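Text of my_file-v4.cif, listed as mmCIF, C-alpha atoms:
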```
data_structure
loop_
_atom_site.label_atom_id
_atom_site.label_comp_id
_atom_site.auth_asym_id
_atom_site.auth_seq_id
_atom_site.Cartn_x
_atom_site.Cartn_y
_atom_site.Cartn_z
CA MET D 22 -29.73 171.86 -55.15
CA TRP D 23 -29.60 173.80 -51.91
CA ALA D 24 -32.49 176.04 -52.98
CA ARG D 25 -34.63 173.00 -53.70
CA ARG D 26 -33.87 171.49 -50.29
CA SER D 27 -34.53 174.77 -48.49
CA SER D 28 -37.90 175.23 -50.12
CA ARG D 29 -38.91 171.71 -49.12
CA LEU D 30 -37.84 172.39 -45.57
CA HIS D 31 -39.83 175.59 -45.43
CA ARG D 32 -42.96 173.98 -46.78
CA GLY D 33 -42.61 171.37 -44.06
CA ARG D 34 -44.56 168.92 -46.20
CA ASN D 35 -42.82 165.81 -44.93
CA ASN D 36 -42.10 166.88 -41.37
CA VAL D 37 -42.94 164.11 -38.94
CA GLN D 38 -43.77 164.91 -35.35
CA LEU D 39 -42.27 162.99 -32.45
CA SER D 40 -45.58 161.28 -31.63
CA VAL D 41 -45.87 159.97 -35.19
CA MET D 42 -42.32 158.62 -35.16
CA VAL D 43 -42.87 156.95 -31.80
CA THR D 44 -45.98 155.24 -33.18
CA ARG D 45 -44.13 154.07 -36.28
CA VAL D 46 -41.27 152.60 -34.27
CA SER D 47 -43.70 150.93 -31.90
CA GLN D 48 -45.73 149.41 -34.74
CA ARG D 49 -42.64 148.06 -36.44
CA LEU D 50 -41.59 146.46 -33.17
CA ASN D 51 -44.97 144.69 -33.20
CA GLU D 52 -46.38 146.79 -30.39
CA ALA D 53 -49.40 148.46 -31.90
CA GLY D 54 -51.35 150.56 -29.43
CA THR D 55 -49.79 151.27 -26.05
CA PRO D 56 -46.10 150.32 -25.93
CA VAL D 57 -45.37 147.76 -23.21
CA TYR D 58 -42.11 145.93 -23.82
CA TYR D 59 -40.54 149.00 -25.44
CA PRO D 60 -41.71 151.91 -23.26
CA LYS D 61 -42.29 155.29 -24.83
CA ALA D 62 -39.38 156.84 -22.91
CA GLU D 63 -37.05 154.34 -24.54
CA LEU D 64 -38.46 155.04 -28.01
CA VAL D 65 -38.00 158.79 -27.51
CA ALA D 66 -34.45 158.26 -26.21
CA ALA D 67 -33.69 156.15 -29.29
CA LEU D 68 -35.03 158.81 -31.66
CA ASN D 69 -33.01 161.50 -29.89
CA GLU D 70 -29.86 159.41 -30.11
CA ALA D 71 -30.57 158.89 -33.82
CA GLN D 72 -30.85 162.61 -34.43
CA ARG D 73 -27.66 163.40 -32.46
CA TYR D 74 -25.74 160.74 -34.38
CA PHE D 75 -27.10 161.94 -37.72
CA VAL D 76 -25.91 165.48 -37.02
CA LEU D 77 -22.50 164.26 -35.84
CA LEU D 78 -22.05 162.17 -39.00
CA THR D 79 -23.22 164.89 -41.37
CA LEU D 80 -22.44 168.18 -39.58
CA GLY D 81 -25.71 169.18 -41.17
CA LEU D 82 -27.08 171.54 -38.55
CA GLU D 83 -25.53 174.95 -38.03
CA ASN D 84 -26.06 178.12 -36.04
CA SER D 85 -24.49 181.58 -35.96
CA ILE D 86 -23.96 183.67 -32.85
CA SER D 87 -22.34 186.97 -32.03
CA TRP D 88 -19.40 186.49 -29.70
CA THR D 89 -16.90 188.93 -28.24
CA PRO D 90 -13.81 187.14 -26.90
CA GLU D 91 -12.77 188.14 -23.39
CA ALA D 92 -9.39 186.42 -23.51
CA THR D 93 -7.02 184.84 -26.02
CA PHE D 94 -8.37 181.37 -25.27
CA THR D 95 -11.98 180.30 -24.73
CA HIS D 96 -13.80 177.02 -24.18
CA MET D 97 -16.74 177.45 -26.54
CA LEU D 98 -19.05 175.08 -24.66
CA SER D 99 -19.27 177.86 -22.07
CA VAL D 100 -20.40 180.25 -24.83
CA ALA D 101 -22.73 177.91 -26.73
CA SER D 102 -23.84 174.76 -24.91
CA ASP D 103 -24.85 173.11 -28.21
CA TRP D 104 -21.37 173.56 -29.72
CA ILE D 105 -19.87 170.76 -31.83
CA CYS D 106 -17.18 172.44 -33.97
CA PRO D 107 -16.50 175.74 -35.76
CA LEU D 108 -17.44 176.28 -39.40
CA ARG D 109 -16.55 179.91 -39.96
CA ILE D 110 -15.65 183.03 -37.96
CA THR D 111 -16.04 186.52 -39.38
CA ASP D 112 -15.39 189.98 -37.95
CA SER D 113 -17.81 192.90 -37.80
CA THR D 114 -17.00 193.86 -41.40
CA GLY D 115 -17.82 190.38 -42.62
CA ALA D 116 -14.18 189.54 -43.33
CA LYS D 117 -13.22 185.99 -42.59
CA VAL D 118 -11.04 185.29 -39.55
CA ARG D 119 -8.82 182.63 -41.03
CA PRO D 120 -8.14 179.32 -39.27
CA ALA D 121 -4.51 178.65 -38.37
CA THR D 122 -2.42 176.00 -36.66
CA LEU D 123 -0.13 176.56 -33.68
CA ALA D 124 2.90 176.25 -35.95
CA GLU D 125 1.51 178.82 -38.38
CA LEU D 126 0.77 181.30 -35.61
CA ALA D 127 4.23 180.83 -34.10
CA ALA D 128 5.78 181.41 -37.53
CA LEU D 129 3.61 184.48 -38.07
CA ASN D 130 4.45 186.03 -34.73
CA PRO D 131 6.27 184.23 -31.89
CA SER D 132 4.48 186.49 -29.38
CA TRP D 133 1.10 185.98 -30.96
CA ILE D 134 -0.70 185.32 -27.64
CA SER D 135 -0.03 188.91 -26.59
CA SER D 136 -0.33 190.61 -29.98
CA ASP D 137 -2.28 193.84 -29.64
CA THR D 138 -3.80 193.77 -33.12
CA ALA D 139 -7.28 193.19 -34.50
CA ILE D 140 -8.34 189.55 -34.63
CA THR D 141 -7.25 188.08 -37.96
CA ARG D 142 -6.66 184.39 -37.23
CA TYR D 143 -8.14 181.77 -34.97
CA LEU D 144 -6.95 178.48 -33.61
CA SER D 145 -9.25 175.52 -33.03
CA LEU D 146 -8.01 172.66 -30.88
CA GLY D 147 -9.81 169.93 -28.97
CA ALA D 148 -13.56 169.69 -28.59
CA ASP D 149 -14.20 173.37 -27.88
CA PHE D 150 -10.89 175.21 -27.39
CA ILE D 151 -10.60 178.37 -29.50
CA GLY D 152 -7.70 180.81 -29.50
CA VAL D 153 -7.64 184.13 -31.30
CA TYR D 154 -4.64 185.95 -32.74
CA GLY D 155 -5.06 189.61 -31.84
CA GLN D 156 -6.05 190.98 -28.47
CA SER D 157 -8.03 193.92 -29.73
CA PHE D 158 -11.22 192.09 -28.85
CA ALA D 159 -14.30 192.98 -30.88
CA ALA D 160 -17.53 191.23 -31.72
CA LEU D 161 -17.19 188.23 -34.05
CA THR D 162 -19.82 186.16 -35.80
CA VAL D 163 -19.24 182.47 -35.15
CA THR D 164 -20.93 179.89 -37.34
CA TYR D 165 -20.71 176.44 -35.81
CA VAL D 166 -22.15 172.96 -36.06
CA GLN D 167 -24.98 172.79 -33.59
CA ALA D 168 -26.18 169.81 -31.59
CA PRO D 169 -29.91 169.29 -32.10
CA ALA D 170 -32.30 170.18 -29.32
CA ALA D 171 -33.80 167.13 -27.63
CA LEU D 172 -37.20 165.97 -28.86
CA VAL D 173 -39.46 166.10 -25.81
CA ASP D 174 -43.04 167.05 -26.64
CA ASP D 175 -45.28 165.00 -28.94
CA THR D 176 -45.44 167.90 -31.41
CA ASP D 177 -41.67 168.37 -31.61
CA VAL D 178 -40.17 167.95 -35.07
CA PRO D 179 -36.57 166.85 -35.75
CA ALA D 180 -34.22 169.61 -36.85
CA ILE D 181 -32.75 167.59 -39.72
CA PRO D 182 -34.33 167.72 -43.22
CA ALA D 183 -37.73 166.07 -43.45
CA GLU D 184 -36.69 163.52 -46.08
CA TYR D 185 -34.34 161.97 -43.50
CA HIS D 186 -36.87 161.63 -40.69
CA ALA D 187 -37.60 158.06 -41.77
CA ALA D 188 -33.94 157.25 -41.16
CA LEU D 189 -34.42 158.20 -37.51
CA VAL D 190 -37.24 155.66 -37.27
CA SER D 191 -34.97 152.97 -38.74
CA TYR D 192 -32.23 153.77 -36.24
CA ALA D 193 -34.66 153.74 -33.32
CA ILE D 194 -35.84 150.22 -34.22
CA TYR D 195 -32.22 149.02 -34.32
CA ARG D 196 -31.43 150.72 -31.02
CA CYS D 197 -34.50 149.45 -29.17
CA ARG D 198 -33.66 145.83 -29.89
CA MET D 199 -30.20 146.04 -28.35
CA VAL D 200 -31.70 144.91 -25.08
CA GLU D 201 -32.55 141.51 -26.57
CA GLY D 202 -29.03 140.41 -27.45
CA ALA D 203 -27.33 139.01 -30.49
CA GLN D 204 -29.78 136.67 -32.30
CA GLU D 205 -32.75 139.04 -32.26
CA PHE D 206 -30.66 142.18 -32.40
CA SER D 207 -28.69 141.04 -35.45
CA LYS D 208 -31.91 141.14 -37.48
CA THR D 209 -31.99 144.90 -37.03
CA ILE D 210 -28.52 145.52 -38.51
CA PRO D 211 -30.12 146.31 -41.90
CA TYR D 212 -32.03 149.14 -40.18
CA HIS D 213 -28.73 150.58 -39.01
CA ASP D 214 -27.39 150.16 -42.53
CA ARG D 215 -30.35 152.11 -43.90
CA PHE D 216 -29.70 154.91 -41.42
CA MET D 217 -26.02 155.04 -42.32
CA ASP D 218 -26.83 155.13 -46.05
CA ALA D 219 -29.10 158.13 -45.42
CA ALA D 220 -26.41 159.85 -43.34
CA LYS D 221 -23.84 159.14 -46.05
CA GLN D 222 -26.12 160.72 -48.66
CA TYR D 223 -26.70 163.86 -46.64
CA ALA D 224 -23.07 164.12 -45.52
CA GLY D 225 -22.08 164.16 -49.20
CA PHE D 226 -24.40 167.09 -49.79
CA VAL D 227 -23.15 168.95 -46.71
CA ARG D 228 -19.51 168.27 -47.68
CA SER D 229 -20.00 169.80 -51.12
CA ARG D 230 -21.85 172.74 -49.66
CA ASN D 231 -19.25 173.38 -46.94
CA LYS D 232 -16.42 173.27 -49.46
CA GLY D 233 -18.31 175.68 -51.70
CA ALA D 234 -18.97 178.01 -48.77
CA ARG D 235 -15.28 177.82 -47.71
CA TYR D 236 -16.25 176.48 -44.32
CA ASP D 237 -13.43 175.29 -42.11
CA LYS D 238 -14.80 171.80 -41.38
CA CYS D 239 -16.36 169.05 -43.48
CA PRO D 240 -18.16 165.87 -42.39
CA PRO D 241 -16.02 162.72 -42.09
CA GLU D 242 -15.85 160.55 -45.20
CA ASP D 243 -18.03 157.45 -45.10
CA GLU D 244 -14.94 155.41 -45.99
CA PHE D 245 -13.82 155.94 -42.38
CA PHE D 246 -16.34 153.40 -41.25
CA ASP D 247 -16.19 149.67 -41.92
CA ARG D 248 -19.75 148.68 -41.13
CA SER D 249 -19.02 144.98 -41.38
CA LYS D 250 -17.21 145.23 -38.04
CA LEU D 251 -20.46 146.20 -36.32
CA ALA D 252 -21.68 142.65 -36.56
CA GLY D 253 -18.73 141.51 -34.42
CA THR D 254 -19.22 137.85 -33.57
CA MET D 255 -22.84 137.71 -34.74
CA PRO D 256 -23.93 135.21 -37.42
CA VAL D 257 -22.15 136.00 -40.71
CA ASN D 258 -25.29 135.58 -42.87
CA LEU D 259 -26.86 138.54 -41.06
CA LEU D 260 -24.09 140.98 -41.91
CA PRO D 261 -25.15 144.17 -43.68
CA GLN D 262 -24.86 143.91 -47.44
CA GLY D 263 -25.46 147.54 -48.38
CA ASP D 264 -23.35 150.09 -50.11
CA GLY D 265 -20.03 150.73 -48.44
CA THR D 266 -19.88 147.50 -46.48
CA VAL D 267 -17.46 144.61 -46.63
CA THR D 268 -18.62 141.05 -46.08
CA PRO D 269 -16.01 138.73 -44.54
CA GLN D 270 -15.38 135.46 -46.40
CA MET K 7 -21.08 169.46 -21.72
CA ILE K 8 -22.17 165.88 -21.16
CA ASP K 9 -23.06 164.12 -17.95
CA ALA K 10 -22.28 160.46 -17.25
CA ALA K 11 -25.37 160.38 -15.02
CA ASP K 12 -27.49 161.02 -18.15
CA CYS K 13 -25.66 158.18 -19.89
CA ILE K 14 -26.55 155.80 -17.05
CA THR K 15 -30.20 156.84 -17.37
CA ASP K 16 -29.90 156.22 -21.10
CA ILE K 17 -28.47 152.70 -20.83
CA THR K 18 -30.39 151.35 -17.85
CA TYR K 19 -33.08 149.77 -20.04
CA ARG K 20 -30.54 148.34 -22.48
CA LEU K 21 -28.82 146.62 -19.58
CA GLY K 22 -32.10 144.94 -18.71
CA PHE K 23 -33.09 147.06 -15.71
CA GLN K 24 -36.43 148.78 -15.23
CA ASP K 25 -35.03 151.97 -13.73
CA ALA K 26 -32.30 153.43 -11.50
CA ASP K 27 -33.71 151.77 -8.38
CA ASP K 28 -33.67 148.40 -10.11
CA LEU K 29 -30.05 148.98 -11.19
CA ASP K 30 -28.97 149.83 -7.66
CA ALA K 31 -30.88 147.00 -5.96
CA THR K 32 -28.82 144.58 -3.87
CA GLY K 33 -27.02 141.88 -5.82
CA THR K 34 -27.40 143.19 -9.37
CA TRP K 35 -24.80 142.02 -11.88
CA VAL K 36 -23.62 145.58 -12.49
CA THR K 37 -23.96 148.70 -10.35
CA SER K 38 -24.07 152.41 -11.09
CA THR K 39 -20.74 152.78 -9.25
CA GLU K 40 -19.18 150.37 -11.75
CA LEU K 41 -20.78 152.26 -14.64
CA TYR K 42 -19.15 155.48 -13.44
CA GLU K 43 -15.83 153.62 -13.29
CA PHE K 44 -16.34 152.41 -16.87
CA ALA K 45 -17.10 155.98 -17.93
CA ASP K 46 -14.00 157.28 -16.19
CA GLU K 47 -11.78 154.71 -17.91
CA ALA K 48 -13.32 155.55 -21.29
CA VAL K 49 -12.66 159.26 -20.85
CA GLN K 50 -9.05 158.67 -19.73
CA ARG K 51 -8.56 156.54 -22.83
CA LEU K 52 -10.04 159.21 -25.10
CA ALA K 53 -7.59 161.72 -23.61
CA TYR K 54 -4.66 160.00 -25.32
CA LEU K 55 -6.57 158.56 -28.29
CA ALA K 56 -7.81 161.94 -29.52
CA GLY K 57 -7.01 165.56 -28.86
CA ALA K 58 -10.39 166.29 -27.32
CA PHE K 59 -9.40 167.83 -23.98
CA ILE K 60 -7.11 170.68 -24.94
CA THR K 61 -6.75 173.46 -22.39
CA TYR K 62 -4.62 176.46 -21.45
CA ASP K 63 -2.66 175.67 -18.32
CA SER K 64 -0.97 178.34 -16.19
CA SER K 65 -0.44 176.32 -13.04
CA ILE K 66 3.38 176.21 -13.05
CA THR K 67 5.37 179.05 -11.53
CA VAL K 68 8.92 179.29 -12.83
CA SER K 69 11.69 180.31 -10.41
CA GLU K 70 14.99 181.90 -11.33
CA GLY K 71 17.73 179.26 -11.64
CA THR K 72 15.38 176.24 -11.79
CA ALA K 73 15.05 174.64 -15.20
CA VAL K 74 13.04 171.45 -14.59
CA TYR K 75 9.38 171.39 -13.52
CA ASP K 76 6.85 168.63 -13.01
CA GLU K 77 3.97 168.79 -15.47
CA PRO K 78 0.47 168.93 -13.91
CA ALA K 79 -0.76 165.47 -12.91
CA ALA K 80 -3.43 165.48 -15.60
CA ASN K 81 -1.04 166.45 -18.41
CA VAL K 82 -1.08 164.03 -21.33
CA TYR K 83 1.03 166.07 -23.73
CA THR K 84 2.01 169.69 -24.36
CA LEU K 85 1.48 171.42 -27.70
CA ALA K 86 2.93 174.86 -27.01
CA ALA K 87 4.55 176.74 -24.13
CA TRP K 88 5.35 180.31 -23.15
CA LEU K 89 7.22 181.82 -20.22
CA GLY K 90 4.90 184.73 -19.56
CA THR K 91 4.22 185.76 -23.14
CA ALA K 92 7.65 184.79 -24.49
CA ASN K 93 7.39 181.83 -26.83
CA LEU K 94 9.27 178.68 -25.80
CA ARG K 95 10.15 176.60 -28.83
CA LEU K 96 9.55 172.91 -28.10
CA THR K 97 12.89 171.21 -28.71
CA PRO K 98 14.00 167.57 -28.32
CA VAL K 99 17.03 167.09 -26.08
CA ARG K 100 19.17 165.82 -28.96
CA GLU K 101 18.78 169.25 -30.56
CA LEU K 102 19.74 170.94 -27.29
CA TRP K 103 22.95 168.88 -27.30
CA ALA K 104 23.57 169.90 -30.90
CA LEU K 105 22.87 173.53 -30.10
CA ASP K 106 24.92 173.78 -26.93
CA ALA K 107 27.30 171.13 -25.58
CA THR K 108 26.82 172.50 -22.06
CA TRP K 109 23.14 173.33 -22.44
CA SER K 110 22.21 172.21 -18.91
CA ALA K 111 24.63 174.76 -17.42
CA THR K 112 23.66 177.68 -19.64
CA SER K 113 21.68 180.48 -18.02
CA GLY K 114 19.73 183.33 -19.58
CA ALA K 115 16.29 184.22 -20.82
CA SER K 116 14.54 180.92 -21.65
CA THR K 117 13.72 180.46 -25.33
CA ARG K 118 13.12 176.72 -25.56
CA ALA K 119 11.35 173.97 -23.65
CA SER K 120 12.07 170.26 -23.84
CA LEU K 121 9.76 167.42 -22.86
CA ASP K 122 12.45 164.71 -22.99
CA ALA K 123 15.44 166.43 -21.38
CA GLY K 124 14.27 165.56 -17.89
CA SER K 125 12.46 162.49 -16.61
CA ILE K 126 9.03 161.54 -17.96
CA GLY K 127 6.36 163.99 -16.84
CA THR K 128 8.68 166.98 -16.61
CA ILE K 129 9.34 170.04 -18.77
CA THR K 130 12.83 171.53 -18.98
CA LEU K 131 13.51 175.16 -19.88
CA TYR K 132 16.59 176.23 -21.85
CA PRO K 133 18.54 178.31 -21.04
CA ASN K 134 18.14 177.88 -17.30
CA PRO K 135 15.82 180.84 -16.57
CA SER K 136 17.46 183.99 -15.28
CA ALA K 137 14.05 185.37 -14.28
CA GLY K 138 10.90 183.82 -12.88
CA GLY K 139 7.39 183.96 -14.26
CA THR K 140 4.38 181.85 -15.19
CA LEU K 141 4.77 178.88 -17.49
CA ASN K 142 1.77 178.92 -19.83
CA GLN K 143 1.02 175.84 -21.87
CA ILE K 144 -1.52 174.62 -24.38
CA ALA K 145 -1.85 171.01 -23.36
CA GLU K 146 -4.02 167.94 -23.49
CA GLU K 147 -5.17 167.23 -19.95
CA TYR K 148 -7.44 164.38 -18.96
CA PRO K 149 -10.58 165.37 -17.02
CA CYS K 150 -11.20 164.87 -13.32
CA THR K 151 -12.26 161.43 -12.12
CA ILE K 152 -15.86 160.67 -13.04
CA ALA K 153 -17.99 159.53 -10.13
CA LEU K 154 -21.39 160.12 -8.61
CA ASP K 155 -21.95 163.90 -8.22
CA ALA K 156 -18.81 164.61 -10.26
CA SER K 157 -19.95 163.26 -13.56
CA THR K 158 -19.76 166.07 -16.12
CA VAL K 159 -17.29 165.97 -18.99
CA GLN K 160 -16.36 168.89 -21.26
CA LEU K 161 -17.49 167.31 -24.53
CA PRO K 162 -20.23 168.24 -27.05
CA ILE K 163 -23.70 166.79 -26.46
CA PRO K 164 -23.68 164.12 -29.22
CA LEU K 165 -20.68 162.46 -27.56
CA GLN K 166 -22.95 161.51 -24.69
CA ASP K 167 -23.83 158.51 -26.84
CA TRP K 168 -20.16 157.61 -27.27
CA LEU K 169 -19.82 157.44 -23.48
CA SER K 170 -23.01 155.37 -23.24
CA TYR K 171 -21.63 152.82 -25.71
CA ARG K 172 -18.32 152.57 -23.84
CA MET K 173 -20.26 151.93 -20.60
CA LEU K 174 -22.48 149.37 -22.31
CA GLU K 175 -19.45 147.63 -23.78
CA ALA K 176 -17.65 147.36 -20.45
CA ALA K 177 -20.79 146.20 -18.63
CA ARG K 178 -21.61 143.50 -21.17
CA ARG K 179 -18.00 142.29 -21.25
CA LYS K 180 -17.86 141.94 -17.47
CA GLU K 181 -17.83 138.34 -16.21
CA SER K 182 -21.32 138.10 -14.73
CA ASP K 183 -24.88 136.90 -15.26
CA GLY K 184 -25.30 139.75 -17.73
CA THR K 185 -22.29 138.93 -19.93
CA GLN K 186 -23.01 139.29 -23.66
CA THR K 187 -19.69 139.28 -25.48
CA GLU K 188 -21.24 139.55 -28.95
CA MET K 189 -23.13 142.69 -27.90
CA ALA K 190 -20.00 144.01 -26.18
CA ASP K 191 -18.19 143.61 -29.52
CA HIS K 192 -20.94 145.54 -31.25
CA TYR K 193 -20.94 148.33 -28.66
CA GLU K 194 -17.15 148.56 -28.92
CA GLN K 195 -17.36 149.05 -32.68
CA ARG K 196 -20.06 151.69 -32.25
CA ALA K 197 -17.88 153.56 -29.75
CA ALA K 198 -14.90 153.21 -32.10
CA THR K 199 -16.95 154.88 -34.84
CA TYR K 200 -17.59 157.84 -32.55
CA GLU K 201 -13.87 157.98 -31.72
CA GLU K 202 -12.99 158.12 -35.42
CA ILE K 203 -15.33 161.08 -35.79
CA VAL K 204 -13.72 162.74 -32.74
CA GLN K 205 -10.29 162.27 -34.29
CA HIS K 206 -11.55 163.71 -37.57
CA LEU K 207 -13.08 166.77 -35.90
CA TYR K 208 -10.67 167.42 -33.04
CA GLY K 209 -7.43 165.71 -34.04
CA VAL K 210 -5.60 162.55 -33.05
CA GLY K 211 -4.01 162.11 -29.67
CA ALA K 212 -0.47 161.56 -28.47
#
```

Please express the file's structure as structure tokens.
Amino acid sequence: MWARRSSRLHRGRNNVQLSVMVTRVSQRLNEAGTPVYYPKAELVAALNEAQRYFVLLTLGLENSISWTPEATFTHMLSVASDWICPLRITDSTGAKVRPATLAELAALNPSWISSDTAITRYLSLGADFIGVYGQSFAALTVTYVQAPAALVDDTDVPAIPAEYHAALVSYAIYRCRMVEGAQEFSKTIPYHDRFMDAAKQYAGFVRSRNKGARYDKCPPEDEFFDRSKLAGTMPVNLLPQGDGTVTPQ
Amino acid sequence: MIDAADCITDITYRLGFQDADDLDATGTWVTSTELYEFADEAVQRLAYLAGAFITYDSSITVSEGTAVYDEPAANVYTLAAWLGTANLRLTPVRELWALDATWSATSGASTRASLDAGSIGTITLYPNPSAGGTLNQIAEEYPCTIALDASTVQLPIPLQDWLSYRMLEAARRKESDGTQTEMADHYEQRAATYEEIVQHLYGVGA
């Protein structure tokens, strides 16, 4: 499955440039030609938000860097500004540095913060706080979930797989109409539902892949999210009806 | 690293303003100062809702014969503590009583720390330390106050949108000409979704 997806990505057959996505969003907001009510900057901001949210929901974008710790504890946002969370850490031999909790490290060695051994365990807490067990600091390879680079130029292409680019367009339509308020905005909830269905599909793929690769993090389960709550006090007949939603009686 | 100033740029249009100048014009129903306040409140709330702001704190100096110390002002909770590099096992006061009937009068090399033996916001070392040193802690600490020119928060880039939704929610819920409670409800649920992801990735709070 992964090989098939990779080959499609490399061919780039379905890749959609930023300018094309902006045009599609604009057309579907009934603004063919030059955007007026929904300015281009707003459309681009909406598409960027869509891509960031897609990656956060799916953890589907990763990067590997070489990193040599300089202390037991490090805030990884100072090492990689696009950091989201760790997936795997390996040492120079390729051996996995295993994740551990504070309780496990304390049980392993009560003086673990000053242990003068090679790095064999790591601790991940908070948004970017990483601790290593072993102060014989050497280069590590850190694979982490990466925040997507912002789409800026007309020729920029989203970093997520091409088959999900249409989901970004759906999200951007939903997001642009927030300015109008409940009655008009509630009509765009199905667009949000379509985006979430796409994210759910891809998150399932990434989850299976991450488990197979023995990564240390998986995407959140879709069951976390009750999409029916998103409608809040909007008209009940406009609630999303898609997969994974609950319609109040 | 995210910047609340970027969030304000991001939500200006959704609040019905043309640009930053329009937002800060005289007599608008919401101002950028208020938006920074909303952002600050959202971040303080996240600090106890999720374990997002974990840090290594070495700001307390322990003195011989003094067992009780005030936690740093920003401390939300402590996960682990060491006196120098010696592990201090976090222990509730009821277990100190069980361990040693006169625990508060016992002196020696500290091996335990209690967060409920003293008043709220203090950490108590047991035994009463016979030598000084640095108290090192892994702790959740809320970030500095968010305001104009002090608006960065140590969170990954995608959570910029979480902060935007919290600001939108608070602005639309405010009693004003721009009140939209149904949109505020929607923004709140969107922000809550982000917070569930934060809890999944980084752990729950206190």

Q. Of the residues K:Ala45, K:Met7, K:Ala123, K:Leu29, which is the one nearest to Ala153 of chain K, using all atoms listed in the file?
A.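 Between K:Ala45, K:Met7, K:Ala123, K:Leu29, the residue approaching Ala153 of chain K most closely is K:Ala45.
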
(Q) Just checking: using all atoms listed in the file, which residue out of D:Ile86, D:Met217, D:Leu146, D:Ala234 ends up closest to Thr199 of chain K? (A)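 Between D:Ile86, D:Met217, D:Leu146, D:Ala234, the residue approaching Thr199 of chain K most closely is D:Met217.
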
Q.
Near chain K, meaning an atom within 7 Å, which residues of chain D appear when counting all atoms listed in the file? Write them as a ChimeraX atom specification.
A. /D:70,73-74,77,98,102-105,131-132,134-135,146-148,150,168,199-200,202-203,241,246,250-255

Q) Which value, in Å to one decimal, gives the distance between atom CA of Glu242 of chain D and atom CA of Lys117 of chain D? A) 25.7 Å

Q. Using only C-alpha atoms, which residues sit within 7 Å of Ala119 of chain K once same-chain residues fewer than 4 positions away are excluded, as JSON, numbers by chain?
A. {"K": [94, 95, 96, 97, 129, 130, 131, 132]}
